[in-house]
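Source file: target11.tsv (TSV, C-alpha atoms)
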```tsv
chain	number	residue	atom	x	y	z
A	1	MET	CA	15.05	-13.33	0.16
A	2	PRO	CA	18.20	-11.61	-1.12
A	3	THR	CA	21.49	-12.00	0.74
A	4	GLU	CA	22.75	-9.01	2.71
A	5	ILE	CA	25.35	-8.23	0.03
A	6	GLN	CA	22.74	-8.50	-2.75
A	7	PHE	CA	20.33	-6.25	-0.85
A	8	LYS	CA	23.01	-3.63	-0.17
A	9	ALA	CA	23.86	-3.61	-3.89
A	10	ILE	CA	20.17	-3.14	-4.78
A	11	TYR	CA	19.86	-0.34	-2.22
A	12	ASP	CA	22.96	1.46	-3.48
A	13	GLU	CA	21.76	1.27	-7.06
A	14	TYR	CA	18.17	2.38	-6.53
A	15	LYS	CA	18.14	4.54	-3.37
A	16	GLN	CA	18.32	7.83	-5.31
A	17	LEU	CA	15.59	6.72	-7.74
A	18	VAL	CA	13.19	5.70	-4.95
A	19	TYR	CA	13.92	8.70	-2.70
A	20	ASN	CA	13.57	11.29	-5.48
A	21	LEU	CA	10.46	9.69	-6.93
A	22	ALA	CA	8.88	9.68	-3.45
A	23	LEU	CA	9.88	13.34	-3.04
A	24	ASN	CA	8.20	14.22	-6.33
A	25	TYR	CA	4.98	12.51	-5.27
A	26	LEU	CA	4.87	13.65	-1.65
A	27	GLN	CA	6.92	16.89	-1.63
A	28	HIS	CA	7.91	16.26	1.95
A	29	THR	CA	11.38	15.15	3.11
A	30	GLU	CA	10.34	13.02	6.10
A	31	ASP	CA	7.52	11.34	4.20
A	32	ALA	CA	9.91	10.57	1.34
A	33	GLN	CA	12.43	9.07	3.79
A	34	ASP	CA	9.75	6.92	5.43
A	35	SER	CA	8.44	5.84	2.02
A	36	THR	CA	11.94	4.94	0.80
A	37	GLN	CA	12.33	2.80	3.91
A	38	GLU	CA	8.98	1.07	3.35
A	39	VAL	CA	9.68	0.50	-0.35
A	40	PHE	CA	13.02	-1.20	0.34
A	41	VAL	CA	11.46	-3.38	3.04
A	42	LYS	CA	8.82	-4.44	0.46
A	43	VAL	CA	11.57	-5.10	-2.09
A	44	TYR	CA	13.33	-7.31	0.48
A	45	GLN	CA	10.14	-9.18	1.40
A	46	HIS	CA	8.86	-9.71	-2.15
A	47	PHE	CA	12.21	-10.18	-3.90
A	48	GLN	CA	11.26	-13.71	-5.02
A	49	LYS	CA	8.03	-12.47	-6.58
A	50	HIS	CA	9.83	-10.34	-9.16
A	51	ASP	CA	9.49	-11.96	-12.56
A	52	PRO	CA	12.08	-10.68	-15.08
A	53	ALA	CA	9.85	-11.95	-17.90
A	54	VAL	CA	7.09	-9.53	-16.84
A	55	ALA	CA	9.12	-6.41	-15.98
A	56	SER	CA	12.72	-5.36	-15.48
A	57	PHE	CA	13.92	-4.90	-11.91
A	58	LYS	CA	14.02	-1.12	-12.37
A	59	THR	CA	10.41	-1.06	-13.65
A	60	TRP	CA	9.38	-3.23	-10.70
A	61	ILE	CA	11.03	-0.82	-8.24
A	62	TYR	CA	9.30	2.12	-9.97
A	63	GLN	CA	5.93	0.33	-9.66
A	64	ILE	CA	6.41	-0.47	-5.95
A	65	THR	CA	7.41	3.13	-5.20
A	66	ILE	CA	4.52	4.65	-7.16
A	67	ASN	CA	1.97	2.30	-5.58
A	68	HIS	CA	3.31	3.01	-2.11
A	69	CYS	CA	3.19	6.80	-2.59
A	70	LEU	CA	-0.32	6.70	-4.11
A	71	ASP	CA	-1.54	4.49	-1.22
A	72	LEU	CA	-0.11	6.96	1.28
A	73	ILE	CA	-1.76	9.93	-0.46
A	74	ARG	CA	-5.07	8.05	-0.63
A	75	SER	CA	-4.97	7.15	3.08
A	76	ARG	CA	-4.14	10.78	3.95
A	77	LYS	CA	-7.13	11.97	1.90
A	78	THR	CA	-9.42	9.46	3.65
A	79	LYS	CA	-8.12	10.52	7.07
A	80	LYS	CA	-8.72	14.15	6.16
A	81	ARG	CA	-12.25	13.34	4.95
A	82	PHE	CA	-13.11	11.51	8.17
A	83	GLY	CA	-11.10	13.86	10.38
A	84	PHE	CA	-14.23	15.53	11.71
A	85	ILE	CA	-15.84	12.20	12.64
A	86	SER	CA	-12.70	10.90	14.37
A	87	LEU	CA	-12.48	14.22	16.23
A	88	LEU	CA	-15.85	13.41	17.83
A	89	PHE	CA	-14.52	10.13	19.20
A	90	GLN	CA	-11.04	11.28	20.26
A	91	LYS	CA	-11.77	14.08	22.67
A	92	GLU	CA	-9.09	13.05	25.17
A	93	SER	CA	-6.19	12.83	22.74
A	94	ASN	CA	-3.89	15.80	22.30
A	95	GLU	CA	-2.43	14.43	19.09
A	96	PRO	CA	-3.40	16.22	15.89
A	97	ILE	CA	-5.85	14.15	13.82
A	98	HIS	CA	-4.06	14.96	10.59
A	99	GLU	CA	-1.06	17.16	10.35
A	100	ALA	CA	-0.92	19.88	7.74
A	101	ILE	CA	1.45	18.80	4.99
A	102	HIS	CA	4.10	21.43	4.33
A	103	PHE	CA	5.77	21.75	0.99
A	104	ASP	CA	9.34	20.65	1.57
A	105	HIS	CA	11.30	19.45	-1.45
A	106	PRO	CA	15.10	19.53	-1.01
A	107	GLY	CA	15.64	19.35	-4.78
A	108	ILE	CA	13.99	22.73	-5.41
A	109	ALA	CA	16.07	25.91	-5.25
A	110	ALA	CA	14.76	28.78	-3.12
A	111	GLU	CA	14.14	31.05	-6.14
A	112	ASP	CA	11.90	28.45	-7.81
A	113	LYS	CA	10.09	27.39	-4.66
A	114	GLU	CA	7.03	29.63	-4.88
A	115	GLU	CA	6.32	28.92	-8.54
A	116	LEU	CA	6.91	25.17	-8.26
A	117	GLN	CA	4.84	24.96	-5.09
A	118	GLN	CA	1.92	26.46	-7.02
A	119	LEU	CA	2.53	24.05	-9.90
A	120	PHE	CA	2.76	21.05	-7.57
A	121	SER	CA	-0.47	21.98	-5.80
A	122	ALA	CA	-2.20	21.84	-9.21
A	123	ILE	CA	-0.41	18.57	-10.12
A	124	ASN	CA	-1.55	17.04	-6.80
A	125	GLU	CA	-5.17	17.60	-7.81
A	126	LEU	CA	-4.80	15.61	-11.05
A	127	PRO	CA	-6.15	12.04	-11.30
A	128	GLU	CA	-3.53	9.47	-10.19
A	129	ASN	CA	-2.64	8.17	-13.66
A	130	GLN	CA	-2.28	11.67	-15.14
A	131	LYS	CA	-0.08	12.68	-12.21
A	132	THR	CA	2.09	9.58	-12.65
A	133	ALA	CA	2.49	10.13	-16.40
A	134	LEU	CA	3.46	13.75	-15.80
A	135	ILE	CA	5.95	13.05	-12.99
A	136	LEU	CA	7.64	10.23	-14.89
A	137	THR	CA	8.00	12.12	-18.18
A	138	ARG	CA	8.54	15.69	-17.02
A	139	ILE	CA	10.48	15.29	-13.75
A	140	GLU	CA	12.00	11.82	-13.92
A	141	ASP	CA	12.68	12.39	-17.62
A	142	ARG	CA	11.75	8.83	-18.62
A	143	PRO	CA	10.92	8.07	-22.25
A	144	GLN	CA	7.23	7.44	-23.00
A	145	LYS	CA	7.91	3.77	-23.83
A	146	GLU	CA	9.37	3.18	-20.36
A	147	VAL	CA	6.52	5.15	-18.74
A	148	ALA	CA	4.04	2.92	-20.57
A	149	GLU	CA	5.83	-0.17	-19.21
A	150	ILE	CA	5.86	1.19	-15.66
A	151	MET	CA	2.17	2.13	-15.88
A	152	ASN	CA	1.30	-1.14	-17.59
A	153	THR	CA	-0.33	0.63	-20.51
A	154	SER	CA	0.34	1.64	-24.11
A	155	VAL	CA	2.43	4.57	-25.37
A	156	LYS	CA	-0.74	6.02	-26.95
A	157	ALA	CA	-2.47	5.94	-23.58
A	158	VAL	CA	0.49	7.74	-21.97
A	159	GLU	CA	0.36	10.43	-24.69
A	160	SER	CA	-3.35	10.88	-24.07
A	161	LEU	CA	-2.84	11.05	-20.28
A	162	LEU	CA	-0.19	13.73	-20.74
A	163	GLN	CA	-2.41	15.72	-23.07
A	164	ARG	CA	-5.30	15.63	-20.62
A	165	ALA	CA	-2.99	16.47	-17.71
A	166	LYS	CA	-1.72	19.54	-19.56
A	167	GLN	CA	-5.23	20.72	-20.36
A	168	THR	CA	-6.40	20.27	-16.76
A	169	LEU	CA	-3.29	21.97	-15.38
A	170	ALA	CA	-3.62	24.94	-17.75
A	171	LYS	CA	-7.22	25.42	-16.62
A	172	LYS	CA	-6.41	25.02	-12.91
A	173	LEU	CA	-3.48	27.44	-13.05
A	174	LYS	CA	-5.51	29.97	-15.00
A	175	ASP	CA	-8.31	29.73	-12.44
A	176	SER	CA	-5.93	30.08	-9.50
A	177	GLU	CA	-4.28	33.13	-11.06
A	178	GLY	CA	-7.65	34.66	-11.88
A	179	LEU	CA	-8.67	34.66	-8.22
B	180	MET	CA	2.59	31.79	-19.58
B	181	ASN	CA	2.30	28.75	-21.86
B	182	ILE	CA	1.69	25.47	-19.94
B	183	ASP	CA	4.69	23.80	-21.60
B	184	ASN	CA	6.96	26.61	-20.44
B	185	ARG	CA	5.60	26.27	-16.93
B	186	LEU	CA	6.09	22.51	-16.98
B	187	ASN	CA	9.66	23.01	-18.21
B	188	LYS	CA	10.34	24.61	-14.82
B	189	LEU	CA	10.06	21.09	-13.40
B	190	LYS	CA	13.39	20.37	-15.09
B	191	ASN	CA	15.01	22.74	-12.55
B	192	ILE	CA	14.37	20.20	-9.79
B	193	HIS	CA	17.69	18.69	-8.70
B	194	ARG	CA	18.23	15.13	-7.58
B	195	ALA	CA	18.41	15.04	-3.79
B	196	ASP	CA	20.66	12.62	-1.91
B	197	ALA	CA	19.04	9.94	0.19
B	198	PRO	CA	20.23	10.33	3.81
B	199	ALA	CA	23.04	8.03	4.89
B	200	PHE	CA	21.16	6.75	7.97
B	201	LEU	CA	18.34	5.32	5.85
B	202	PHE	CA	20.01	1.95	5.20
B	203	THR	CA	20.54	1.36	8.94
B	204	ARG	CA	16.84	2.11	9.52
B	205	ILE	CA	15.81	-0.29	6.73
B	206	LYS	CA	18.05	-3.07	8.10
B	207	GLN	CA	16.63	-2.50	11.58
B	208	GLN	CA	13.04	-2.74	10.28
B	209	ILE	CA	13.81	-5.96	8.39
B	210	GLU	CA	15.37	-7.49	11.55
B	211	ASN	CA	12.36	-6.40	13.63
B	212	LEU	CA	9.99	-7.96	11.09
B	213	ALA	CA	11.78	-11.29	11.35
B	214	GLN	CA	11.37	-11.30	15.14
B	215	ALA	CA	7.87	-9.82	15.28
B	216	PRO	CA	5.02	-12.06	16.45
B	217	ALA	CA	2.10	-12.75	14.10
B	218	PRO	CA	-0.23	-9.77	13.66
B	219	ALA	CA	-3.22	-9.51	16.02
B	220	ARG	CA	-5.70	-10.13	13.18
B	221	TRP	CA	-4.00	-13.43	12.31
B	222	ARG	CA	-3.89	-14.50	15.95
B	223	PHE	CA	-7.60	-13.71	16.33
B	224	ALA	CA	-8.42	-15.66	13.15
B	225	PHE	CA	-6.36	-18.65	14.34
B	226	VAL	CA	-8.09	-18.73	17.76
B	227	SER	CA	-11.55	-18.38	16.14
B	228	VAL	CA	-10.90	-21.25	13.72
B	229	ALA	CA	-9.58	-23.42	16.59
B	230	ILE	CA	-12.72	-22.74	18.68
B	231	VAL	CA	-15.04	-23.54	15.73
B	232	LEU	CA	-13.16	-26.80	15.06
B	233	LEU	CA	-13.33	-27.76	18.75
B	234	LEU	CA	-17.09	-27.10	18.88
B	235	LEU	CA	-17.63	-29.10	15.69
B	236	ASN	CA	-15.65	-32.01	17.14
B	237	MET	CA	-17.67	-31.92	20.35
B	238	ALA	CA	-20.96	-31.81	18.44
B	239	VAL	CA	-19.99	-34.78	16.26
B	240	LEU	CA	-18.79	-36.80	19.30
B	241	THR	CA	-21.96	-36.23	21.38
B	242	ARG	CA	-24.18	-37.10	18.42
B	243	SER	CA	-22.33	-40.32	17.66
B	244	LEU	CA	-22.38	-41.33	21.36
B	245	LYS	CA	-26.16	-40.86	21.50
B	246	ILE	CA	-26.63	-42.97	18.37
B	247	GLU	CA	-24.35	-45.70	19.74
B	248	LYS	CA	-26.24	-45.78	23.08
B	249	LYS	CA	-29.59	-46.08	21.39
B	250	SER	CA	-28.50	-48.79	19.01
B	251	GLY	CA	-26.86	-50.78	21.87
B	252	VAL	CA	-30.14	-51.01	23.85
B	253	GLU	CA	-32.04	-51.99	20.74
B	254	GLN	CA	-29.50	-54.75	20.05
B	255	VAL	CA	-29.92	-56.25	23.54
B	256	VAL	CA	-33.73	-56.09	23.27
B	257	ASN	CA	-33.69	-57.84	19.91
B	258	SER	CA	-31.20	-60.55	20.93
B	259	MET	CA	-33.18	-61.46	24.04
B	260	HIS	CA	-36.51	-61.36	22.19
B	261	LEU	CA	-37.84	-58.82	24.60
B	262	SER	CA	-40.78	-56.69	23.78
B	263	SER	CA	-40.06	-53.07	23.60
B	264	SER	CA	-43.75	-52.20	23.82
B	265	ASN	CA	-45.29	-50.87	27.01
B	266	ASP	CA	-48.68	-52.47	26.25
B	267	LEU	CA	-49.56	-55.18	28.78
B	268	TYR	CA	-52.20	-56.84	26.67
B	269	HIS	CA	-51.93	-57.68	23.06
B	270	GLU	CA	-55.13	-57.48	21.12
```

Rewrite the coordinates I just gave you, this time as structure tokens.
Amino acid sequence: MPTEIQFKAIYDEYKQLVYNLALNYLQHTEDAQDSTQEVFVKVYQHFQKHDPAVASFKTWIYQITINHCLDLIRSRKTKKRFGFISLLFQKESNEPIHEAIHFDHPGIAAEDKEELQQLFSAINELPENQKTALILTRIEDRPQKEVAEIMNTSVKAVESLLQRAKQTLAKKLKDSEGL
Amino acid sequence: MNIDNRLNKLKNIHRADAPAFLFTRIKQQIENLAQAPAPARWRFAFVSVAIVLLLLNMAVLTRSLKIEKKSGVEQVVNSMHLSSSNDLYHE
């Protein structure tokens, strides 16, 4: 476990990275705050497991954040899928089974909101690895070599993921505009 | 519009500041984790394993006692040259 001073230094250095990456995955302020909290608790708990020979600390933090956000999205999708079934068994409860997720990204200016919301809804439908490659290169502005390290793959594979993501997005956006 | 041009719009996203209260929340969660009792699943697993071990112990003990009892009687019968047969007449 890191000392309190060590942990505070880690938090100060990486809080913006984790929070903004979570925002780009989840597009929801409260979810991003909760995820940032969970990620730093995991960093604290698994601090000893980080092996500098395998990945740099920054890469490790990226991987924890991405995995956490993808897990959250997956569990939300599963809840949504089984929402009808759980509704049958939870007649008494007044709590909503799954709340509608509103687009709420504090880093997006009001004039860009509509267009980027449309773009993000298409990005959210991409397969996980294509979405990750796109977010890391296009929003986080990381070089492809670093993206390959974070995703534990080759630079060629990242290029191919980006190419496929672009093709899928172009088709999805064209379809949505055609409607 | 070209897809690359559309994706370039993503560059307009600004970096947002993480709220100041977040570190206090994280510290609180870490402190709570340290004090938290073992999760219910672990407790259930521990109790189940303890019960299985106890039952196994009891089964082994009762079996060995039965064997010991039986062999004790046989020893006495053999040492005193007693017949263990219920037949009154030997043919």

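Here atom CA of A:Ser75 stands at a distance of 19.0 Å from atom CA of A:Gln130.
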
For chain B, report every residue with an atom at most 7 Å from chain A (counting only C-alpha atoms), formatted as a PDB file with C-alpha atoms, keeping the file's coordinate frame.
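In the end it all went to iface_12.pdb:
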```pdb
ATOM      1  CA  ILE B 182       1.690  25.470 -19.940  1.00  0.00           C
ATOM      2  CA  LEU B 189      10.060  21.090 -13.400  1.00  0.00           C
ATOM      3  CA  LYS B 190      13.390  20.370 -15.090  1.00  0.00           C
ATOM      4  CA  ILE B 192      14.370  20.200  -9.790  1.00  0.00           C
ATOM      5  CA  HIS B 193      17.690  18.690  -8.700  1.00  0.00           C
ATOM      6  CA  ARG B 194      18.230  15.130  -7.580  1.00  0.00           C
ATOM      7  CA  ALA B 195      18.410  15.040  -3.790  1.00  0.00           C
ATOM      8  CA  ASP B 196      20.660  12.620  -1.910  1.00  0.00           C
ATOM      9  CA  ALA B 197      19.040   9.940   0.190  1.00  0.00           C
ATOM     10  CA  LEU B 201      18.340   5.320   5.850  1.00  0.00           C
ATOM     11  CA  ILE B 205      15.810  -0.290   6.730  1.00  0.00           C
ATOM     12  CA  ILE B 209      13.810  -5.960   8.390  1.00  0.00           C
TER      13      ILE B 209
END
```

*Compare B:Val226, B:Lys188, B:Ala217, B:Ser262 by their minimum atom-to-atom distance to A:Glu114, counting only C-alpha atoms, and give me the closest one.*
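Using only C-alpha atoms, the shortest distance to A:Glu114 belongs to B:Lys188.
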
*Could you name the residues that touch A:Glu149 at 12 Å or less, counting all atoms listed in the file, but leaving out those on the same chain fewer than 4 positions away, as number ranges by chain?*
A: 54-60, 62-63, 133, 136, 142-145, 153-158

*Any idea what the distance is between atom CA of A:Ile5 and atom CA of A:Phe47?*
13.9 Å
